[in-house]
Structure formats: C-alpha cells, structure tokens
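Shown next: entry-v2.txt, given as compact mmCIF, C-alpha atoms.
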# COMPACT_ATOMS: atom_id res chain seq x y z
CA MET A 1 -17.63 -19.60 -44.13
CA ALA A 2 -17.34 -22.61 -41.90
CA GLU A 3 -14.83 -20.93 -39.59
CA GLN A 4 -16.96 -17.83 -39.31
CA GLY A 5 -20.08 -19.89 -38.73
CA ARG A 6 -18.49 -21.89 -35.95
CA ASP A 7 -17.18 -18.73 -34.32
CA GLN A 8 -20.65 -17.24 -34.39
CA ARG A 9 -22.16 -20.34 -32.81
CA ASP A 10 -19.46 -20.42 -30.15
CA GLY A 11 -19.48 -16.75 -29.28
CA ARG A 12 -22.89 -15.22 -30.02
CA GLY A 13 -26.42 -16.19 -29.17
CA ALA A 14 -29.33 -16.07 -31.60
CA GLY A 15 -30.21 -12.62 -30.30
CA GLY A 16 -26.75 -11.28 -31.14
CA ASP A 17 -25.49 -10.91 -27.59
CA ALA A 18 -22.06 -12.16 -26.61
CA GLN A 19 -22.25 -15.58 -25.01
CA ASP A 20 -21.60 -15.71 -21.27
CA VAL A 21 -20.15 -19.17 -20.69
CA GLY A 22 -20.79 -18.96 -16.98
CA GLU A 23 -17.19 -19.40 -15.87
CA PRO A 24 -15.34 -17.12 -13.45
CA ARG A 25 -13.66 -14.12 -15.03
CA GLY A 26 -10.39 -15.11 -13.36
CA ARG A 27 -8.18 -12.31 -12.14
CA SER A 28 -8.96 -8.67 -12.75
CA VAL A 29 -7.69 -6.81 -15.79
CA ARG A 30 -4.53 -4.81 -15.19
CA THR A 31 -4.20 -1.25 -16.43
CA GLU A 32 -1.56 -2.16 -19.02
CA GLU A 33 -3.70 -5.04 -20.28
CA ALA A 34 -6.68 -2.72 -20.71
CA ALA A 35 -4.56 -0.46 -22.89
CA ALA A 36 -3.28 -3.45 -24.89
CA TRP A 37 -6.87 -4.64 -25.37
CA GLU A 38 -7.87 -1.23 -26.72
CA GLU A 39 -5.03 -1.41 -29.27
CA LEU A 40 -5.97 -4.99 -30.19
CA VAL A 41 -9.59 -3.98 -30.87
CA ALA A 42 -8.43 -1.05 -33.02
CA THR A 43 -6.24 -3.42 -35.07
CA ALA A 44 -9.05 -5.95 -35.46
CA ARG A 45 -11.39 -3.22 -36.70
CA ARG A 46 -8.72 -2.12 -39.16
CA THR A 47 -8.63 -5.60 -40.74
CA VAL A 48 -12.30 -5.13 -41.59
CA SER A 49 -12.10 -1.52 -42.77
CA ASP A 50 -9.09 -2.35 -44.98
CA GLY A 51 -10.92 -5.31 -46.54
CA LEU A 52 -8.67 -8.05 -45.17
CA VAL A 53 -11.52 -9.93 -43.50
CA VAL A 54 -15.29 -10.17 -43.81
CA GLY A 55 -17.38 -10.16 -40.66
CA THR A 56 -15.60 -12.04 -37.89
CA SER A 57 -13.56 -14.34 -40.11
CA GLY A 58 -10.10 -13.20 -38.98
CA ASN A 59 -8.54 -12.86 -35.54
CA VAL A 60 -5.91 -10.83 -33.73
CA SER A 61 -3.89 -11.41 -30.58
CA VAL A 62 -1.22 -9.69 -28.53
CA ARG A 63 1.04 -11.14 -25.86
CA PHE A 64 1.37 -9.38 -22.54
CA GLY A 65 3.78 -11.29 -20.33
CA ASP A 66 2.44 -14.82 -19.98
CA THR A 67 -1.05 -13.75 -21.02
CA VAL A 68 -2.35 -13.70 -24.59
CA LEU A 69 -5.15 -11.24 -25.25
CA VAL A 70 -7.18 -12.45 -28.23
CA THR A 71 -10.32 -11.53 -30.12
CA PRO A 72 -13.31 -13.56 -28.90
CA SER A 73 -15.23 -15.99 -31.05
CA GLY A 74 -17.90 -14.57 -33.32
CA VAL A 75 -18.21 -11.07 -31.89
CA PRO A 76 -18.21 -8.29 -34.53
CA TYR A 77 -15.25 -6.05 -33.80
CA ASP A 78 -17.32 -2.87 -33.77
CA ARG A 79 -19.24 -4.28 -30.79
CA LEU A 80 -16.22 -5.09 -28.63
CA THR A 81 -15.96 -3.01 -25.47
CA PRO A 82 -13.43 -2.75 -22.60
CA ASP A 83 -15.59 -5.24 -20.69
CA ASP A 84 -15.02 -7.89 -23.39
CA VAL A 85 -11.33 -8.43 -22.62
CA THR A 86 -10.54 -12.05 -23.46
CA GLY A 87 -7.26 -13.57 -22.32
CA VAL A 88 -5.65 -17.01 -22.03
CA ASP A 89 -2.37 -18.34 -20.76
CA LEU A 90 0.13 -20.02 -23.07
CA ASP A 91 -1.62 -23.36 -22.50
CA GLY A 92 -4.93 -21.93 -23.68
CA ARG A 93 -6.57 -21.70 -20.26
CA ARG A 94 -8.82 -18.68 -19.98
CA VAL A 95 -7.61 -16.20 -17.37
CA LEU A 96 -9.54 -13.08 -18.37
CA GLY A 97 -13.16 -12.56 -19.36
CA ARG A 98 -16.16 -14.78 -20.02
CA LEU A 99 -16.20 -14.87 -23.83
CA VAL A 100 -15.03 -17.87 -25.83
CA PRO A 101 -11.65 -17.15 -27.52
CA THR A 102 -11.31 -17.42 -31.29
CA SER A 103 -11.49 -20.92 -32.76
CA GLU A 104 -8.02 -20.28 -34.26
CA LEU A 105 -6.42 -20.05 -30.82
CA PRO A 106 -4.16 -23.09 -31.54
CA MET A 107 -2.40 -21.16 -34.33
CA HIS A 108 -1.86 -18.09 -32.18
CA LEU A 109 -0.49 -20.07 -29.24
CA ALA A 110 1.79 -22.12 -31.52
CA VAL A 111 3.38 -18.89 -32.77
CA TYR A 112 3.92 -17.54 -29.24
CA ARG A 113 5.39 -20.80 -27.98
CA SER A 114 7.82 -21.07 -30.92
CA THR A 115 8.89 -17.47 -31.57
CA ASP A 116 9.49 -14.16 -29.82
CA ALA A 117 6.27 -12.75 -31.30
CA GLY A 118 4.51 -9.96 -29.49
CA ALA A 119 1.43 -9.98 -31.72
CA VAL A 120 -0.27 -12.16 -34.35
CA VAL A 121 -2.72 -11.24 -37.12
CA HIS A 122 -4.72 -13.80 -39.11
CA THR A 123 -6.85 -12.76 -42.10
CA HIS A 124 -8.82 -14.15 -45.02
CA ALA A 125 -7.47 -11.54 -47.44
CA VAL A 126 -8.81 -12.17 -50.96
CA HIS A 127 -5.67 -11.94 -53.09
CA ALA A 128 -3.49 -13.80 -50.61
CA THR A 129 -6.04 -16.58 -50.30
CA ALA A 130 -6.27 -16.81 -54.08
CA VAL A 131 -2.49 -17.18 -54.36
CA SER A 132 -2.56 -19.90 -51.68
CA THR A 133 -4.64 -22.04 -54.05
CA LEU A 134 -2.22 -21.69 -56.97
CA VAL A 135 1.41 -22.10 -55.88
CA PRO A 136 3.51 -23.67 -53.08
CA GLU A 137 5.01 -20.26 -52.29
CA LEU A 138 4.47 -16.67 -53.36
CA PRO A 139 6.96 -15.95 -56.17
CA ALA A 140 9.52 -13.24 -55.30
CA ILE A 141 7.68 -10.49 -57.14
CA HIS A 142 8.90 -7.67 -54.88
CA TYR A 143 11.72 -6.96 -52.49
CA MET A 144 9.26 -6.60 -49.59
CA SER A 145 9.42 -10.41 -49.40
CA GLY A 146 12.59 -9.67 -47.45
CA ALA A 147 10.53 -8.05 -44.71
CA LEU A 148 8.95 -11.44 -44.04
CA GLY A 149 12.27 -13.29 -44.06
CA GLY A 150 12.23 -14.47 -47.67
CA ALA A 151 9.93 -16.34 -50.01
CA VAL A 152 6.48 -16.65 -48.43
CA ARG A 153 5.54 -20.32 -48.18
CA VAL A 154 2.08 -21.85 -48.34
CA ALA A 155 1.16 -24.15 -45.44
CA PRO A 156 -0.70 -27.33 -46.53
CA TYR A 157 -4.42 -27.29 -45.98
CA ALA A 158 -5.92 -28.54 -42.72
CA THR A 159 -9.27 -27.93 -41.07
CA TYR A 160 -9.48 -24.56 -39.33
CA GLY A 161 -9.01 -24.50 -35.58
CA THR A 162 -7.07 -27.79 -35.48
CA GLN A 163 -3.65 -28.65 -34.12
CA GLU A 164 -2.80 -30.04 -37.56
CA LEU A 165 -3.26 -26.60 -39.09
CA ALA A 166 -1.12 -25.04 -36.36
CA GLU A 167 1.68 -27.55 -37.06
CA ASN A 168 1.48 -27.00 -40.83
CA MET A 169 1.68 -23.27 -40.22
CA LEU A 170 4.78 -23.59 -38.02
CA HIS A 171 6.64 -25.49 -40.75
CA ALA A 172 5.78 -22.77 -43.27
CA LEU A 173 6.86 -20.07 -40.82
CA ALA A 174 10.37 -21.50 -40.25
CA ASP A 175 12.71 -18.48 -40.48
CA ARG A 176 9.78 -16.35 -41.64
CA THR A 177 7.39 -13.89 -40.01
CA GLY A 178 4.45 -14.70 -42.26
CA CYS A 179 2.96 -17.41 -44.44
CA LEU A 180 -0.08 -18.27 -46.51
CA LEU A 181 -2.54 -20.95 -45.44
CA ARG A 182 -3.77 -23.00 -48.39
CA ASN A 183 -7.42 -22.31 -49.28
CA HIS A 184 -7.69 -20.29 -46.09
CA GLY A 185 -5.78 -17.03 -45.68
CA THR A 186 -2.70 -15.49 -44.06
CA ILE A 187 -0.94 -15.32 -40.75
CA THR A 188 1.83 -12.92 -39.75
CA TYR A 189 3.49 -11.95 -36.52
CA GLY A 190 5.67 -9.15 -35.21
CA ALA A 191 7.08 -7.53 -32.12
CA THR A 192 4.04 -5.23 -31.98
CA LEU A 193 0.51 -5.13 -33.32
CA ASP A 194 1.51 -2.41 -35.77
CA GLN A 195 4.34 -4.53 -37.15
CA ALA A 196 2.23 -7.68 -37.40
CA TYR A 197 -0.51 -5.74 -39.18
CA ASP A 198 1.90 -4.04 -41.56
CA ARG A 199 3.29 -7.45 -42.56
CA THR A 200 -0.23 -8.69 -43.23
CA ALA A 201 -1.00 -5.68 -45.41
CA GLN A 202 2.31 -6.01 -47.30
CA LEU A 203 1.67 -9.71 -47.92
CA GLU A 204 -1.78 -9.05 -49.34
CA TRP A 205 -0.36 -6.28 -51.54
CA MET A 206 2.40 -8.56 -52.91
CA CYS A 207 -0.14 -11.27 -53.69
CA ARG A 208 -2.30 -8.76 -55.55
CA LEU A 209 0.78 -7.52 -57.43
CA TRP A 210 1.75 -11.04 -58.52
CA LEU A 211 -1.77 -11.93 -59.62
CA THR A 212 -2.00 -8.68 -61.62
CA ALA A 213 1.38 -9.14 -63.33
CA SER A 214 0.66 -12.81 -64.06
CA SER A 215 -2.64 -12.00 -65.74
CA VAL A 216 -1.09 -10.28 -68.77
CA PRO A 217 -1.40 -12.70 -71.74
CA GLY A 218 1.88 -13.82 -73.27
CA LEU A 219 4.06 -12.27 -70.59
CA ALA A 220 5.49 -13.50 -67.29
CA PRO A 221 6.63 -11.20 -64.49
CA THR A 222 10.33 -10.97 -63.71
CA LEU A 223 11.21 -12.33 -60.29
CA LEU A 224 13.94 -11.52 -57.80
CA SER A 225 16.64 -14.00 -56.84
CA GLU A 226 17.04 -15.35 -53.30
CA GLU A 227 20.15 -13.19 -52.97
CA GLN A 228 18.27 -10.04 -53.98
CA VAL A 229 15.47 -10.74 -51.53
CA ALA A 230 17.96 -11.47 -48.74
CA GLU A 231 19.85 -8.25 -49.42
CA ALA A 232 16.61 -6.27 -49.31
CA GLY A 233 15.71 -7.97 -46.04
CA GLU A 234 18.98 -6.84 -44.48
CA ARG A 235 18.41 -3.25 -45.56
CA LEU A 236 14.83 -3.29 -44.32
CA ARG A 237 16.00 -4.17 -40.80
CA GLY A 238 17.46 -0.69 -40.53
CA TYR A 239 14.55 1.07 -42.25
CA GLY A 240 12.64 3.90 -40.59
CA GLN A 241 13.23 6.24 -37.68
CA HIS A 242 15.28 5.12 -34.69
CA ARG A 243 14.98 6.72 -31.28

Let me see the file written as structure tokens.
Amino acid sequence: MAEQGRDQRDGRGAGGDAQDVGEPRGRSVRTEEAAAWEELVATARRTVSDGLVVGTSGNVSVRFGDTVLVTPSGVPYDRLTPDDVTGVDLDGRRVLGRLVPTSELPMHLAVYRSTDAGAVVHTHAVHATAVSTLVPELPAIHYMSGALGGAVRVAPYATYGTQELAENMLHALADRTGCLLRNHGTITYGATLDQAYDRTAQLEWMCRLWLTASSVPGLAPTLLSEEQVAEAGERLRGYGQHR
C-alpha cells in the first residue's frame, strides 16, 4: 500500500529500527501521558489482531489536554515501547519523542480541532473499504447506524496524508462520529479510545452485514428509515451501565 510504504520509509530504517530524526525530545513525558500511551498502543495492537488493518496501515491517536499522542510512522505496533511516545500539539508540532508521527496526522488533527473528540481510530478494514467503493453512503442496514449519528457517509477520494483528504473527511463527518473514506478505509472518533474503537468495529460489522445481505441473488435487503435510525440513536445514548 502506498500509505503503508510511505510510513515505513518515514519511520523505519532498512534495518528495521525506528528512525531517530535527530530533533530534541521536547518536554518530558508526564505520568498521565505515559498511561495514555500504554492504552493507545493496546488499541493499535487490537486493530491488527481484530483484522482491521494490515501491518502499519492504520493509525490511532488520543488527546491529552493540548497534546495529541499518536502512533508513529511505520513502526509495527508490537514493537512500540514506553520510550516510543510520540506527541504533537494541535498545530502538528512535535512535543514528545523523536519518531515521525503517522502520515495521516492531518486527519487526526482536523477531527480534534473541529469536535470534542478524545480519541481517533483510522483503519483499512476490508468490508468497510469495499463499501466505500460502491455507494455514496452505507445504506441503513442496522440500527447501530444511530450510534454514529445516522447514515454513514463516504468522503470523496483524495491522496492519503493530504489536507484535501482531511477536508473531505470533515464534510462527511458533519453531525457524525464516523465515516468511510472512498477507496481507503474508515475513521471514527469518540470520547475515549474504547468508544472510538467500538465505533470502528461496529462500522466494519455493518459494512460486512450489508455486503452479505446484498449478495443474495434476486433479493434486496430491507433498510431502516431516517426516523428509525434517529430513534435508535436516542436510545443508544442511554445504553449501558451508568455510575
């Protein structure tokens, strides 16, 4: 993949070691940031183990105050250590670590600047990416669309890592917490890493469901109305345990 290849060139040397770009590490890592980094790495590894990305093709970030901790470019997640903390400010200036941030940093920062997101997950999930090549939005095949704010739109294609892609994504995310990226993948956000990840997993599952139902010859899946999806979304806001 072009994105994966660029990330590997940016972040890893030929010998497989993480690239040291020779810049100051900035300030020291705070205790709370170290804990957030550990959770971020666990989430990134989960995207691989759950089959949502291959290699280093996806990326994960979490906001901690005015600092965004983000997976570095091209480093396999199972090799990330506490010493690999990579952080930028909301303008993209590196404030923590020596590793190059993900090439998709513009998308992550665009979400944080425009929403109250606490975490962002970007994947190249197979079924979701397939759907992104077929329709302008994921048909309302299941009420879990309500968990993402409604019908999941597809952002027009743009080259990975560009501001154009970030802008296309923001339009698709209007009043939503997730969208598809045409011929590319998915992006979701949430208040926490767990919530952002769960939305990614639900989106991939709904795409797989729609593709499966649509594949039956001579039949078309029934779809939910906007009102039904909206009603489900309201009920989902109160779902789960409350402490």

Pairwise distance, CA of Ser114 in chain A with CA of Val131 in chain A, equals 25.9 Å

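Nearest-residue note for Trp37 in chain A: choosing from A:Pro136, A:Pro82, A:Pro156, A:Pro221, the minimum distance belongs to A:Pro82, counting all atoms listed in the file.
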
Go through A:Gly161, A:Gly185, A:Pro101, A:Gly65 and flag the residue nearest His122 in chain A, using only C-alpha atoms for the distances.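 The shortest atom-to-atom distance to His122 in chain A comes from A:Gly185.
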
Can you work out the spacing between CA of His108 in chain A and CA of Leu209 in chain A in Å, to one decimal?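 Interatomic distance here is 27.5 Å.
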
Kindly give the distance, in Å, that separates CA of Ala119 in chain A and CA of Asp83 in chain A, rounded to a single decimal.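 Atom-to-atom, CA of Ala119 in chain A to CA of Asp83 in chain A, that is 20.8 Å.
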
Show me, as a PyMOL selection string, the residues that have an atom within 9 Å of Thr67 in chain A when counting all atoms listed in the file, minus same-chain residues fewer than 5 positions from it. chain A and resi 62+87-90+95-96

Within 7 Å of range 175-178 of chain A, counting all atoms listed in the file, which residues qualify if same-chain residues fewer than 2 places away don't, as an MDAnalysis selection string? chainID A and resid 148:150 152 173 187:190

Would you export the selected residues with C-alpha atoms as a PDB file, keeping the file's coordinate frame, please?
ATOM      1  CA  LEU A 148       8.950 -11.440 -44.040  1.00  0.00           C
ATOM      2  CA  GLY A 149      12.270 -13.290 -44.060  1.00  0.00           C
ATOM      3  CA  GLY A 150      12.230 -14.470 -47.670  1.00  0.00           C
ATOM      4  CA  VAL A 152       6.480 -16.650 -48.430  1.00  0.00           C
ATOM      5  CA  LEU A 173       6.860 -20.070 -40.820  1.00  0.00           C
ATOM      6  CA  ILE A 187      -0.940 -15.320 -40.750  1.00  0.00           C
ATOM      7  CA  THR A 188       1.830 -12.920 -39.750  1.00  0.00           C
ATOM      8  CA  TYR A 189       3.490 -11.950 -36.520  1.00  0.00           C
ATOM      9  CA  GLY A 190       5.670  -9.150 -35.210  1.00  0.00           C
TER      10      GLY A 190
END

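Closest approach to Val120 in chain A among A:Glu38, A:Glu226, A:Asp194, A:Asp50 is made by A:Asp194 (distances from only C-alpha atoms).
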
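For Thr86 in chain A, the set of protein, DNA and RNA residues having any atom at most 7 Å away, when counting all atoms listed in the file and skipping those fewer than 4 positions along the same chain, is Leu69, Val70, Thr71, Pro72, Leu96, Gly97, Leu99 and Pro101 of chain A.
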
Using all atoms listed in the file, which of the listed residues (A:Val68, A:Ala172, A:Ala213, A:Ala117) sits closest to Arg93 in chain A?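 Smallest distance to Arg93 in chain A is found for A:Val68.
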
Would you mind listing what lies within 8 Å of His127 in chain A as a PDB file with C-alpha atoms, in the frame of the given file, with only C-alpha atoms counted and same-chain residues fewer than 2 positions away left out?
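Final file, part_8.pdb:
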ATOM      1  CA  ALA A 125      -7.470 -11.540 -47.440  1.00  0.00           C
ATOM      2  CA  THR A 129      -6.040 -16.580 -50.300  1.00  0.00           C
ATOM      3  CA  ALA A 130      -6.270 -16.810 -54.080  1.00  0.00           C
ATOM      4  CA  VAL A 131      -2.490 -17.180 -54.360  1.00  0.00           C
ATOM      5  CA  GLU A 204      -1.780  -9.050 -49.340  1.00  0.00           C
ATOM      6  CA  TRP A 205      -0.360  -6.280 -51.540  1.00  0.00           C
ATOM      7  CA  CYS A 207      -0.140 -11.270 -53.690  1.00  0.00           C
ATOM      8  CA  ARG A 208      -2.300  -8.760 -55.550  1.00  0.00           C
ATOM      9  CA  LEU A 211      -1.770 -11.930 -59.620  1.00  0.00           C
TER      10      LEU A 211
END

Measuring between only C-alpha atoms, which one of A:Cys179, A:Met107, A:Val60, A:Leu165 shows the shortest distance to Val121 in chain A? A:Val60

Can you list, as a ChimeraX atom specification, every protein, DNA or RNA residue that comes within 8 Å of Thr123 in chain A when you count only C-alpha atoms, leaving out same-chain residues fewer than 4 positions away? /A:47,52-53,57-59,185-187,200

For range 21-54 of chain A, which lacks atoms in the input, supply N, CA and C atoms and format the output as a PDB file, keeping the file's coordinate frame.
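selection.pdb, written as the output of this step:
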ATOM      1  N   VAL A  21     -20.304 -17.729 -20.871  1.00  0.00           N
ATOM      2  CA  VAL A  21     -20.150 -19.170 -20.690  1.00  0.00           C
ATOM      3  C   VAL A  21     -20.282 -19.583 -19.237  1.00  0.00           C
ATOM      4  N   GLY A  22     -20.505 -18.622 -18.367  1.00  0.00           N
ATOM      5  CA  GLY A  22     -20.790 -18.960 -16.980  1.00  0.00           C
ATOM      6  C   GLY A  22     -19.586 -19.349 -16.154  1.00  0.00           C
ATOM      7  N   GLU A  23     -18.387 -19.078 -16.649  1.00  0.00           N
ATOM      8  CA  GLU A  23     -17.190 -19.400 -15.870  1.00  0.00           C
ATOM      9  C   GLU A  23     -16.677 -18.137 -15.190  1.00  0.00           C
ATOM     10  N   PRO A  24     -15.903 -18.286 -14.120  1.00  0.00           N
ATOM     11  CA  PRO A  24     -15.340 -17.120 -13.450  1.00  0.00           C
ATOM     12  C   PRO A  24     -14.491 -16.294 -14.409  1.00  0.00           C
ATOM     13  N   ARG A  25     -14.439 -15.006 -14.190  1.00  0.00           N
ATOM     14  CA  ARG A  25     -13.660 -14.120 -15.030  1.00  0.00           C
ATOM     15  C   ARG A  25     -12.167 -14.263 -14.752  1.00  0.00           C
ATOM     16  N   GLY A  26     -11.806 -15.002 -13.713  1.00  0.00           N
ATOM     17  CA  GLY A  26     -10.390 -15.110 -13.360  1.00  0.00           C
ATOM     18  C   GLY A  26      -9.948 -13.846 -12.661  1.00  0.00           C
ATOM     19  N   ARG A  27      -8.693 -13.496 -12.810  1.00  0.00           N
ATOM     20  CA  ARG A  27      -8.180 -12.310 -12.140  1.00  0.00           C
ATOM     21  C   ARG A  27      -8.698 -11.060 -12.824  1.00  0.00           C
ATOM     22  N   SER A  28      -8.509  -9.935 -12.178  1.00  0.00           N
ATOM     23  CA  SER A  28      -8.960  -8.670 -12.750  1.00  0.00           C
ATOM     24  C   SER A  28      -7.991  -8.192 -13.830  1.00  0.00           C
ATOM     25  N   VAL A  29      -8.491  -7.342 -14.688  1.00  0.00           N
ATOM     26  CA  VAL A  29      -7.690  -6.810 -15.790  1.00  0.00           C
ATOM     27  C   VAL A  29      -6.773  -5.716 -15.281  1.00  0.00           C
ATOM     28  N   ARG A  30      -5.493  -5.822 -15.590  1.00  0.00           N
ATOM     29  CA  ARG A  30      -4.530  -4.810 -15.190  1.00  0.00           C
ATOM     30  C   ARG A  30      -4.598  -3.610 -16.124  1.00  0.00           C
ATOM     31  N   THR A  31      -4.139  -2.481 -15.648  1.00  0.00           N
ATOM     32  CA  THR A  31      -4.200  -1.250 -16.430  1.00  0.00           C
ATOM     33  C   THR A  31      -3.507  -1.394 -17.770  1.00  0.00           C
ATOM     34  N   GLU A  32      -2.314  -1.992 -17.767  1.00  0.00           N
ATOM     35  CA  GLU A  32      -1.560  -2.160 -19.020  1.00  0.00           C
ATOM     36  C   GLU A  32      -2.288  -3.100 -19.976  1.00  0.00           C
ATOM     37  N   GLU A  33      -2.958  -4.112 -19.439  1.00  0.00           N
ATOM     38  CA  GLU A  33      -3.700  -5.040 -20.280  1.00  0.00           C
ATOM     39  C   GLU A  33      -4.907  -4.360 -20.909  1.00  0.00           C
ATOM     40  N   ALA A  34      -5.540  -3.463 -20.165  1.00  0.00           N
ATOM     41  CA  ALA A  34      -6.680  -2.720 -20.710  1.00  0.00           C
ATOM     42  C   ALA A  34      -6.251  -1.873 -21.893  1.00  0.00           C
ATOM     43  N   ALA A  35      -5.077  -1.269 -21.787  1.00  0.00           N
ATOM     44  CA  ALA A  35      -4.560  -0.460 -22.890  1.00  0.00           C
ATOM     45  C   ALA A  35      -4.213  -1.341 -24.084  1.00  0.00           C
ATOM     46  N   ALA A  36      -3.619  -2.517 -23.809  1.00  0.00           N
ATOM     47  CA  ALA A  36      -3.280  -3.450 -24.890  1.00  0.00           C
ATOM     48  C   ALA A  36      -4.546  -3.953 -25.575  1.00  0.00           C
ATOM     49  N   TRP A  37      -5.602  -4.191 -24.803  1.00  0.00           N
ATOM     50  CA  TRP A  37      -6.870  -4.640 -25.370  1.00  0.00           C
ATOM     51  C   TRP A  37      -7.449  -3.574 -26.302  1.00  0.00           C
ATOM     52  N   GLU A  38      -7.365  -2.325 -25.893  1.00  0.00           N
ATOM     53  CA  GLU A  38      -7.870  -1.230 -26.720  1.00  0.00           C
ATOM     54  C   GLU A  38      -7.126  -1.193 -28.061  1.00  0.00           C
ATOM     55  N   GLU A  39      -5.817  -1.389 -28.029  1.00  0.00           N
ATOM     56  CA  GLU A  39      -5.030  -1.410 -29.270  1.00  0.00           C
ATOM     57  C   GLU A  39      -5.372  -2.623 -30.115  1.00  0.00           C
ATOM     58  N   LEU A  40      -5.592  -3.769 -29.468  1.00  0.00           N
ATOM     59  CA  LEU A  40      -5.970  -4.990 -30.190  1.00  0.00           C
ATOM     60  C   LEU A  40      -7.298  -4.783 -30.921  1.00  0.00           C
ATOM     61  N   VAL A  41      -8.281  -4.205 -30.248  1.00  0.00           N
ATOM     62  CA  VAL A  41      -9.590  -3.980 -30.870  1.00  0.00           C
ATOM     63  C   VAL A  41      -9.458  -3.041 -32.066  1.00  0.00           C
ATOM     64  N   ALA A  42      -8.639  -1.990 -31.923  1.00  0.00           N
ATOM     65  CA  ALA A  42      -8.430  -1.050 -33.020  1.00  0.00           C
ATOM     66  C   ALA A  42      -7.814  -1.764 -34.228  1.00  0.00           C
ATOM     67  N   THR A  43      -6.870  -2.675 -33.978  1.00  0.00           N
ATOM     68  CA  THR A  43      -6.240  -3.420 -35.070  1.00  0.00           C
ATOM     69  C   THR A  43      -7.239  -4.362 -35.721  1.00  0.00           C
ATOM     70  N   ALA A  44      -8.044  -5.041 -34.919  1.00  0.00           N
ATOM     71  CA  ALA A  44      -9.050  -5.950 -35.460  1.00  0.00           C
ATOM     72  C   ALA A  44     -10.042  -5.190 -36.339  1.00  0.00           C
ATOM     73  N   ARG A  45     -10.460  -4.024 -35.902  1.00  0.00           N
ATOM     74  CA  ARG A  45     -11.390  -3.220 -36.700  1.00  0.00           C
ATOM     75  C   ARG A  45     -10.733  -2.779 -38.011  1.00  0.00           C
ATOM     76  N   ARG A  46      -9.439  -2.546 -37.955  1.00  0.00           N
ATOM     77  CA  ARG A  46      -8.720  -2.120 -39.160  1.00  0.00           C
ATOM     78  C   ARG A  46      -8.692  -3.240 -40.208  1.00  0.00           C
ATOM     79  N   THR A  47      -8.620  -4.502 -39.765  1.00  0.00           N
ATOM     80  CA  THR A  47      -8.630  -5.600 -40.740  1.00  0.00           C
ATOM     81  C   THR A  47      -9.929  -5.610 -41.539  1.00  0.00           C
ATOM     82  N   VAL A  48     -11.007  -5.194 -40.899  1.00  0.00           N
ATOM     83  CA  VAL A  48     -12.300  -5.130 -41.590  1.00  0.00           C
ATOM     84  C   VAL A  48     -12.353  -3.912 -42.505  1.00  0.00           C
ATOM     85  N   SER A  49     -11.997  -2.744 -41.980  1.00  0.00           N
ATOM     86  CA  SER A  49     -12.100  -1.520 -42.770  1.00  0.00           C
ATOM     87  C   SER A  49     -11.159  -1.540 -43.977  1.00  0.00           C
ATOM     88  N   ASP A  50     -10.034  -2.256 -43.871  1.00  0.00           N
ATOM     89  CA  ASP A  50      -9.090  -2.350 -44.980  1.00  0.00           C
ATOM     90  C   ASP A  50      -9.389  -3.535 -45.905  1.00  0.00           C
ATOM     91  N   GLY A  51     -10.476  -4.247 -45.639  1.00  0.00           N
ATOM     92  CA  GLY A  51     -10.920  -5.310 -46.540  1.00  0.00           C
ATOM     93  C   GLY A  51     -10.135  -6.602 -46.440  1.00  0.00           C
ATOM     94  N   LEU A  52      -9.450  -6.829 -45.329  1.00  0.00           N
ATOM     95  CA  LEU A  52      -8.670  -8.050 -45.170  1.00  0.00           C
ATOM     96  C   LEU A  52      -9.490  -9.203 -44.606  1.00  0.00           C
ATOM     97  N   VAL A  53     -10.608  -8.896 -43.994  1.00  0.00           N
ATOM     98  CA  VAL A  53     -11.520  -9.930 -43.500  1.00  0.00           C
ATOM     99  C   VAL A  53     -12.943  -9.485 -43.761  1.00  0.00           C
ATOM    100  N   VAL A  54     -13.856 -10.445 -43.700  1.00  0.00           N
ATOM    101  CA  VAL A  54     -15.290 -10.170 -43.810  1.00  0.00           C
ATOM    102  C   VAL A  54     -15.938 -10.633 -42.518  1.00  0.00           C
TER     103      VAL A  54
END
